[in-house]
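Asker: Enclosed is the structure file target-v5.cif (mmCIF, N, CA and C atoms).
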data_query
loop_
_atom_site.group_PDB
_atom_site.id
_atom_site.type_symbol
_atom_site.label_atom_id
_atom_site.label_comp_id
_atom_site.auth_asym_id
_atom_site.auth_seq_id
_atom_site.Cartn_x
_atom_site.Cartn_y
_atom_site.Cartn_z
ATOM 1 N N MET A 180 89.860 18.443 12.712
ATOM 2 C CA MET A 180 88.703 17.680 13.109
ATOM 3 C C MET A 180 89.027 16.191 13.007
ATOM 4 N N GLY A 181 88.790 15.433 14.086
ATOM 5 C CA GLY A 181 89.116 14.016 14.121
ATOM 6 C C GLY A 181 88.034 13.159 13.506
ATOM 7 N N ARG A 182 88.378 11.927 13.363
ATOM 8 C CA ARG A 182 87.440 10.941 12.836
ATOM 9 C C ARG A 182 86.426 10.577 13.912
ATOM 10 N N ALA A 183 85.217 10.269 13.504
ATOM 11 C CA ALA A 183 84.180 9.868 14.451
ATOM 12 C C ALA A 183 84.593 8.560 15.125
ATOM 13 N N ALA A 184 84.357 8.467 16.411
ATOM 14 C CA ALA A 184 84.725 7.275 17.171
ATOM 15 C C ALA A 184 83.867 6.085 16.766
ATOM 16 N N THR A 185 84.497 4.941 16.711
ATOM 17 C CA THR A 185 83.773 3.697 16.459
ATOM 18 C C THR A 185 83.361 3.145 17.801
ATOM 19 N N ARG A 186 82.076 3.015 18.004
ATOM 20 C CA ARG A 186 81.585 2.484 19.266
ATOM 21 C C ARG A 186 80.248 1.807 19.081
ATOM 22 N N VAL A 187 79.863 1.101 20.111
ATOM 23 C CA VAL A 187 78.575 0.434 20.131
ATOM 24 C C VAL A 187 77.566 1.387 20.754
ATOM 25 N N THR A 188 76.492 1.651 20.049
ATOM 26 C CA THR A 188 75.462 2.547 20.578
ATOM 27 C C THR A 188 74.121 1.846 20.740
ATOM 28 N N ASP A 189 74.048 0.589 20.263
ATOM 29 C CA ASP A 189 72.789 -0.161 20.302
ATOM 30 C C ASP A 189 73.088 -1.602 20.684
ATOM 31 N N LEU A 190 72.381 -2.121 21.650
ATOM 32 C CA LEU A 190 72.604 -3.497 22.095
ATOM 33 C C LEU A 190 71.792 -4.519 21.304
ATOM 34 N N LYS A 191 71.091 -4.088 20.285
ATOM 35 C CA LYS A 191 70.379 -4.999 19.367
ATOM 36 C C LYS A 191 69.426 -5.936 20.106
ATOM 37 N N ASP A 192 68.515 -5.394 20.859
ATOM 38 C CA ASP A 192 67.495 -6.164 21.584
ATOM 39 C C ASP A 192 68.060 -7.076 22.678
ATOM 40 N N ALA A 193 69.272 -6.827 23.106
ATOM 41 C CA ALA A 193 69.861 -7.572 24.228
ATOM 42 C C ALA A 193 70.054 -6.577 25.372
ATOM 43 N N SER A 194 70.136 -7.093 26.567
ATOM 44 C CA SER A 194 70.423 -6.229 27.716
ATOM 45 C C SER A 194 71.873 -6.442 28.130
ATOM 46 N N LEU A 195 72.402 -5.506 28.905
ATOM 47 C CA LEU A 195 73.759 -5.667 29.418
ATOM 48 C C LEU A 195 73.867 -6.941 30.249
ATOM 49 N N ASP A 196 72.858 -7.235 31.044
ATOM 50 C CA ASP A 196 72.877 -8.452 31.861
ATOM 51 C C ASP A 196 72.931 -9.706 30.992
ATOM 52 N N GLN A 197 72.169 -9.723 29.911
ATOM 53 C CA GLN A 197 72.188 -10.869 28.999
ATOM 54 C C GLN A 197 73.574 -11.049 28.382
ATOM 55 N N LEU A 198 74.180 -9.939 27.949
ATOM 56 C CA LEU A 198 75.505 -10.008 27.338
ATOM 57 C C LEU A 198 76.550 -10.461 28.356
ATOM 58 N N ARG A 199 76.448 -9.955 29.580
ATOM 59 C CA ARG A 199 77.380 -10.374 30.637
ATOM 60 C C ARG A 199 77.239 -11.866 30.924
ATOM 61 N N ASN A 200 76.009 -12.367 30.974
ATOM 62 C CA ASN A 200 75.782 -13.797 31.209
ATOM 63 C C ASN A 200 76.325 -14.635 30.057
ATOM 64 N N LEU A 201 76.118 -14.187 28.831
ATOM 65 C CA LEU A 201 76.660 -14.902 27.677
ATOM 66 C C LEU A 201 78.184 -14.967 27.757
ATOM 67 N N GLU A 202 78.804 -13.850 28.104
ATOM 68 C CA GLU A 202 80.262 -13.814 28.212
ATOM 69 C C GLU A 202 80.744 -14.762 29.313
ATOM 70 N N LYS A 203 80.094 -14.699 30.449
ATOM 71 C CA LYS A 203 80.483 -15.517 31.603
ATOM 72 C C LYS A 203 80.343 -17.014 31.314
ATOM 73 N N ASN A 204 79.303 -17.398 30.588
ATOM 74 C CA ASN A 204 79.021 -18.805 30.342
ATOM 75 C C ASN A 204 79.633 -19.361 29.059
ATOM 76 N N SER A 205 80.221 -18.504 28.247
ATOM 77 C CA SER A 205 80.806 -18.951 26.986
ATOM 78 C C SER A 205 82.143 -19.643 27.232
ATOM 79 N N THR A 206 82.377 -20.711 26.494
ATOM 80 C CA THR A 206 83.666 -21.400 26.558
ATOM 81 C C THR A 206 84.537 -21.036 25.361
ATOM 82 N N ASN A 207 83.983 -20.244 24.452
ATOM 83 C CA ASN A 207 84.686 -19.839 23.237
ATOM 84 C C ASN A 207 85.375 -18.501 23.479
ATOM 85 N N LYS A 208 86.703 -18.474 23.395
ATOM 86 C CA LYS A 208 87.486 -17.255 23.669
ATOM 87 C C LYS A 208 87.109 -16.115 22.709
ATOM 88 N N TYR A 209 86.870 -16.447 21.440
ATOM 89 C CA TYR A 209 86.483 -15.439 20.447
ATOM 90 C C TYR A 209 85.182 -14.750 20.868
ATOM 91 N N SER A 210 84.192 -15.544 21.231
ATOM 92 C CA SER A 210 82.903 -14.990 21.656
ATOM 93 C C SER A 210 83.055 -14.159 22.922
ATOM 94 N N GLN A 211 83.857 -14.639 23.859
ATOM 95 C CA GLN A 211 84.104 -13.884 25.095
ATOM 96 C C GLN A 211 84.731 -12.528 24.788
ATOM 97 N N ASN A 212 85.707 -12.514 23.875
ATOM 98 C CA ASN A 212 86.377 -11.257 23.524
ATOM 99 C C ASN A 212 85.415 -10.268 22.871
ATOM 100 N N ILE A 213 84.580 -10.758 21.966
ATOM 101 C CA ILE A 213 83.613 -9.864 21.320
ATOM 102 C C ILE A 213 82.636 -9.313 22.359
ATOM 103 N N LEU A 214 82.102 -10.176 23.189
ATOM 104 C CA LEU A 214 81.131 -9.727 24.190
ATOM 105 C C LEU A 214 81.752 -8.733 25.167
ATOM 106 N N LYS A 215 82.960 -9.002 25.603
ATOM 107 C CA LYS A 215 83.656 -8.086 26.511
ATOM 108 C C LYS A 215 83.845 -6.722 25.833
ATOM 109 N N THR A 216 84.239 -6.765 24.554
ATOM 110 C CA THR A 216 84.433 -5.529 23.786
ATOM 111 C C THR A 216 83.127 -4.759 23.641
ATOM 112 N N ILE A 217 82.047 -5.448 23.307
ATOM 113 C CA ILE A 217 80.750 -4.802 23.096
ATOM 114 C C ILE A 217 80.272 -4.147 24.384
ATOM 115 N N ILE A 218 80.376 -4.856 25.483
ATOM 116 C CA ILE A 218 79.934 -4.318 26.772
ATOM 117 C C ILE A 218 80.723 -3.062 27.121
ATOM 118 N N MET A 219 82.043 -3.144 27.023
ATOM 119 C CA MET A 219 82.870 -1.987 27.395
ATOM 120 C C MET A 219 82.654 -0.809 26.454
ATOM 121 N N SER A 220 82.544 -1.084 25.155
ATOM 122 C CA SER A 220 82.320 -0.004 24.197
ATOM 123 C C SER A 220 80.989 0.686 24.465
ATOM 124 N N TYR A 221 79.961 -0.103 24.738
ATOM 125 C CA TYR A 221 78.641 0.454 25.029
ATOM 126 C C TYR A 221 78.679 1.340 26.275
ATOM 127 N N LEU A 222 79.503 0.951 27.241
ATOM 128 C CA LEU A 222 79.632 1.719 28.483
ATOM 129 C C LEU A 222 80.564 2.925 28.350
ATOM 130 N N GLY A 223 81.157 3.099 27.161
ATOM 131 C CA GLY A 223 81.962 4.281 26.895
ATOM 132 C C GLY A 223 83.449 4.143 27.182
ATOM 133 N N VAL A 224 83.928 2.916 27.374
ATOM 134 C CA VAL A 224 85.354 2.700 27.608
ATOM 135 C C VAL A 224 86.104 2.968 26.304
ATOM 136 N N HIS A 225 87.230 3.674 26.396
ATOM 137 C CA HIS A 225 88.026 4.031 25.220
ATOM 138 C C HIS A 225 88.649 2.785 24.595
ATOM 139 N N ILE A 226 88.777 2.787 23.277
ATOM 140 C CA ILE A 226 89.287 1.628 22.542
ATOM 141 C C ILE A 226 90.663 1.202 23.038
ATOM 142 N N SER A 227 91.534 2.142 23.358
ATOM 143 C CA SER A 227 92.870 1.766 23.827
ATOM 144 C C SER A 227 92.807 0.995 25.146
ATOM 145 N N LYS A 228 91.869 1.336 26.007
ATOM 146 C CA LYS A 228 91.690 0.624 27.274
ATOM 147 C C LYS A 228 91.102 -0.767 27.008
ATOM 148 N N ILE A 229 90.181 -0.867 26.059
ATOM 149 C CA ILE A 229 89.607 -2.165 25.696
ATOM 150 C C ILE A 229 90.710 -3.082 25.164
ATOM 151 N N GLU A 230 91.612 -2.534 24.354
ATOM 152 C CA GLU A 230 92.745 -3.311 23.834
ATOM 153 C C GLU A 230 93.537 -3.937 24.974
ATOM 154 N N GLU A 231 93.849 -3.138 25.978
ATOM 155 C CA GLU A 231 94.618 -3.619 27.129
ATOM 156 C C GLU A 231 93.888 -4.737 27.863
ATOM 157 N N ILE A 232 92.614 -4.545 28.109
ATOM 158 C CA ILE A 232 91.841 -5.498 28.902
ATOM 159 C C ILE A 232 91.603 -6.801 28.141
ATOM 160 N N VAL A 233 91.213 -6.692 26.878
ATOM 161 C CA VAL A 233 90.887 -7.876 26.086
ATOM 162 C C VAL A 233 92.164 -8.579 25.600
ATOM 163 N N GLY A 234 93.211 -7.800 25.381
ATOM 164 C CA GLY A 234 94.486 -8.381 24.965
ATOM 165 C C GLY A 234 94.600 -8.655 23.484
ATOM 166 N N VAL A 235 93.896 -7.866 22.680
ATOM 167 C CA VAL A 235 93.996 -7.977 21.223
ATOM 168 C C VAL A 235 94.287 -6.592 20.642
ATOM 169 N N CYS A 236 94.684 -6.559 19.385
ATOM 170 C CA CYS A 236 95.065 -5.298 18.747
ATOM 171 C C CYS A 236 93.834 -4.438 18.416
ATOM 172 N N ARG A 237 94.108 -3.187 18.122
ATOM 173 C CA ARG A 237 93.064 -2.222 17.782
ATOM 174 C C ARG A 237 92.224 -2.684 16.593
ATOM 175 N N ALA A 238 92.883 -3.266 15.593
ATOM 176 C CA ALA A 238 92.151 -3.734 14.404
ATOM 177 C C ALA A 238 91.106 -4.781 14.782
ATOM 178 N N SER A 239 91.460 -5.672 15.706
ATOM 179 C CA SER A 239 90.499 -6.689 16.147
ATOM 180 C C SER A 239 89.337 -6.054 16.894
ATOM 181 N N ILE A 240 89.639 -5.108 17.778
ATOM 182 C CA ILE A 240 88.586 -4.410 18.528
ATOM 183 C C ILE A 240 87.629 -3.721 17.567
ATOM 184 N N LEU A 241 88.170 -3.006 16.601
ATOM 185 C CA LEU A 241 87.330 -2.306 15.624
ATOM 186 C C LEU A 241 86.511 -3.294 14.803
ATOM 187 N N SER A 242 87.108 -4.428 14.456
ATOM 188 C CA SER A 242 86.388 -5.460 13.717
ATOM 189 C C SER A 242 85.222 -6.008 14.539
ATOM 190 N N TYR A 243 85.454 -6.269 15.829
ATOM 191 C CA TYR A 243 84.390 -6.765 16.702
ATOM 192 C C TYR A 243 83.229 -5.766 16.748
ATOM 193 N N ILE A 244 83.560 -4.498 16.888
ATOM 194 C CA ILE A 244 82.522 -3.465 16.990
ATOM 195 C C ILE A 244 81.746 -3.347 15.682
ATOM 196 N N HIS A 245 82.460 -3.352 14.560
ATOM 197 C CA HIS A 245 81.783 -3.260 13.264
ATOM 198 C C HIS A 245 80.873 -4.465 13.035
ATOM 199 N N LYS A 246 81.359 -5.656 13.382
ATOM 200 C CA LYS A 246 80.532 -6.861 13.221
ATOM 201 C C LYS A 246 79.283 -6.778 14.092
ATOM 202 N N TRP A 247 79.457 -6.338 15.334
ATOM 203 C CA TRP A 247 78.305 -6.214 16.231
ATOM 204 C C TRP A 247 77.296 -5.222 15.662
ATOM 205 N N ASN A 248 77.783 -4.063 15.232
ATOM 206 C CA ASN A 248 76.883 -3.033 14.714
ATOM 207 C C ASN A 248 76.124 -3.510 13.480
ATOM 208 N N GLU A 249 76.730 -4.421 12.720
ATOM 209 C CA GLU A 249 76.059 -4.915 11.517
ATOM 210 C C GLU A 249 75.190 -6.145 11.782
ATOM 211 N N PHE A 250 75.681 -7.089 12.612
ATOM 212 C CA PHE A 250 75.006 -8.376 12.752
ATOM 213 C C PHE A 250 74.399 -8.661 14.125
ATOM 214 N N GLY A 251 74.701 -7.864 15.123
ATOM 215 C CA GLY A 251 74.182 -8.120 16.465
ATOM 216 C C GLY A 251 74.724 -9.418 17.034
ATOM 217 N N LEU A 252 73.876 -10.214 17.674
ATOM 218 C CA LEU A 252 74.321 -11.447 18.323
ATOM 219 C C LEU A 252 74.952 -12.447 17.369
ATOM 220 N N GLU A 253 74.635 -12.376 16.097
ATOM 221 C CA GLU A 253 75.262 -13.268 15.115
ATOM 222 C C GLU A 253 76.768 -13.042 15.054
ATOM 223 N N ALA A 254 77.230 -11.873 15.449
ATOM 224 C CA ALA A 254 78.653 -11.527 15.387
ATOM 225 C C ALA A 254 79.495 -12.345 16.362
ATOM 226 N N ILE A 255 78.898 -12.904 17.395
ATOM 227 C CA ILE A 255 79.693 -13.624 18.386
ATOM 228 C C ILE A 255 80.006 -15.050 17.978
ATOM 229 N N LYS A 256 79.440 -15.501 16.884
ATOM 230 C CA LYS A 256 79.714 -16.862 16.408
ATOM 231 C C LYS A 256 81.054 -16.887 15.693
ATOM 232 N N ASP A 257 81.880 -17.848 16.081
ATOM 233 C CA ASP A 257 83.211 -17.980 15.500
ATOM 234 C C ASP A 257 83.133 -18.694 14.167
#
Starting from the file, give its structure as structure tokens.
Answerer:
Amino acid sequence: MGRAATRVTDLKDASLDQLRNLEKNSTNKYSQNILKTIIMSYLGVHISKIEEIVGVCRASILSYIHKWNEFGLEAIKD
């Protein structure tokens, strides 16, 4: 039996459109990476594919997801 997947299941009172707009308009690479990760995870993209697209390691992806699940939009602040 495998470990439960780490993913985003709640957008914390934000919509996908709001998150996409935040990502598009952000000048902070850290915030862009977190938002991109959150959007893809919520849509069911596998972590290994998110790693490829975002260009960071698995540990960073998992950290972004854990921060989002705990803090919501506060997680995107660098």
Asker: Sorted by chain and rising residue number, which residues of region 212-251 of chain A lie within 9 Å of region 184-190 of chain A, and what are their closest atom pairs and distances in Å to one decimal, counting only C-alpha atoms, as JSON lines?
Answerer:
{"residue": "A:Ile217", "atom": "CA", "partner": "A:Val187", "partner_atom": "CA", "distance": 6.4}
{"residue": "A:Ile218", "atom": "CA", "partner": "A:Val187", "partner_atom": "CA", "distance": 8.3}
{"residue": "A:Met219", "atom": "CA", "partner": "A:Val187", "partner_atom": "CA", "distance": 8.8}
{"residue": "A:Ser220", "atom": "CA", "partner": "A:Val187", "partner_atom": "CA", "distance": 5.5}
{"residue": "A:Tyr221", "atom": "CA", "partner": "A:Val187", "partner_atom": "CA", "distance": 4.9}
{"residue": "A:Leu222", "atom": "CA", "partner": "A:Val187", "partner_atom": "CA", "distance": 8.5}
{"residue": "A:Gly223", "atom": "CA", "partner": "A:Arg186", "partner_atom": "CA", "distance": 7.8}
{"residue": "A:His225", "atom": "CA", "partner": "A:Arg186", "partner_atom": "CA", "distance": 8.9}
{"residue": "A:Ile226", "atom": "CA", "partner": "A:Arg186", "partner_atom": "CA", "distance": 8.4}
{"residue": "A:Leu241", "atom": "CA", "partner": "A:Thr185", "partner_atom": "CA", "distance": 7.0}
{"residue": "A:Ile244", "atom": "CA", "partner": "A:Val187", "partner_atom": "CA", "distance": 6.4}
{"residue": "A:His245", "atom": "CA", "partner": "A:Thr185", "partner_atom": "CA", "distance": 7.9}
{"residue": "A:Trp247", "atom": "CA", "partner": "A:Val187", "partner_atom": "CA", "distance": 7.7}
{"residue": "A:Asn248", "atom": "CA", "partner": "A:Val187", "partner_atom": "CA", "distance": 6.7}
{"residue": "A:Gly251", "atom": "CA", "partner": "A:Leu190", "partner_atom": "CA", "distance": 7.5}
Asker: In Å, rounded to a single decimal, give me how far CA of Gln197 (chain A) is from CA of Ser210 (chain A).
Answerer: 13.6 Å
Asker: Which residue gives the smallest distance to Lys191 (chain A) among A:Glu249, A:Ser205, A:Leu214, A:Lys256, with only C-alpha atoms counted?
Answerer: A:Glu249
Asker: Would you please work out which residue, of A:Ala193, A:Ile240, A:Leu198, A:Leu252, is nearest to Thr216 (chain A) when using only C-alpha atoms?
Answerer: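 Among the listed residues, the smallest separation from Thr216 (chain A) belongs to A:Ile240.
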Asker: Could you work out how far atom N of Lys228 (chain A) lies from atom C of Asn207 (chain A), giving the answer in Å with one decimal?
Answerer: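 Computing the Euclidean distance for atom C of Asn207 (chain A) and atom N of Lys228 (chain A) yields 21.0 Å.
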Asker: What gap, in Å, lies between atom C of Glu231 (chain A) and CA of Arg199 (chain A)?
Answerer: 17.7 Å
Asker: From a DSSP pass on the backbone, collect the residues of region 181-235 of chain A flagged as helix (DSSP H, G or I) and hand them back as a PyMOL selection string.
Answerer: chain A and resi 195-204+208-221+226-233
Asker: Taking all atoms of region 210-221 of chain A that the file lists, what box with edges along x, y and z, padded by 5 Å per side, do you get, with centre and edge lengths in Å to one decimal, as JSON?
Answerer:
{"center_x": 82.5, "center_y": -7.1, "center_z": 24.3, "size_x": 17.7, "size_y": 26.9, "size_z": 16.2}
Asker: Can you work out which one of A:Thr206, A:Gln211, A:Ser194, A:Asn200 has the shortest atom-to-atom distance to Val233 (chain A), counting only C-alpha atoms?
Answerer: A:Gln211
Asker: Which residue is closest to Ala254 (chain A)? Choose from A:Asp196, A:Ile213, A:Ser239, A:Asn204 and count only C-alpha atoms.
Answerer: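 The answer is A:Ile213, which sits nearest to Ala254 (chain A).
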Asker: When distances are computed from only C-alpha atoms, which of A:Phe250, A:Cys236, A:Asp192, A:Ile255 shows the smallest separation from Tyr209 (chain A)?
Answerer: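 The answer is A:Ile255, which sits nearest to Tyr209 (chain A).
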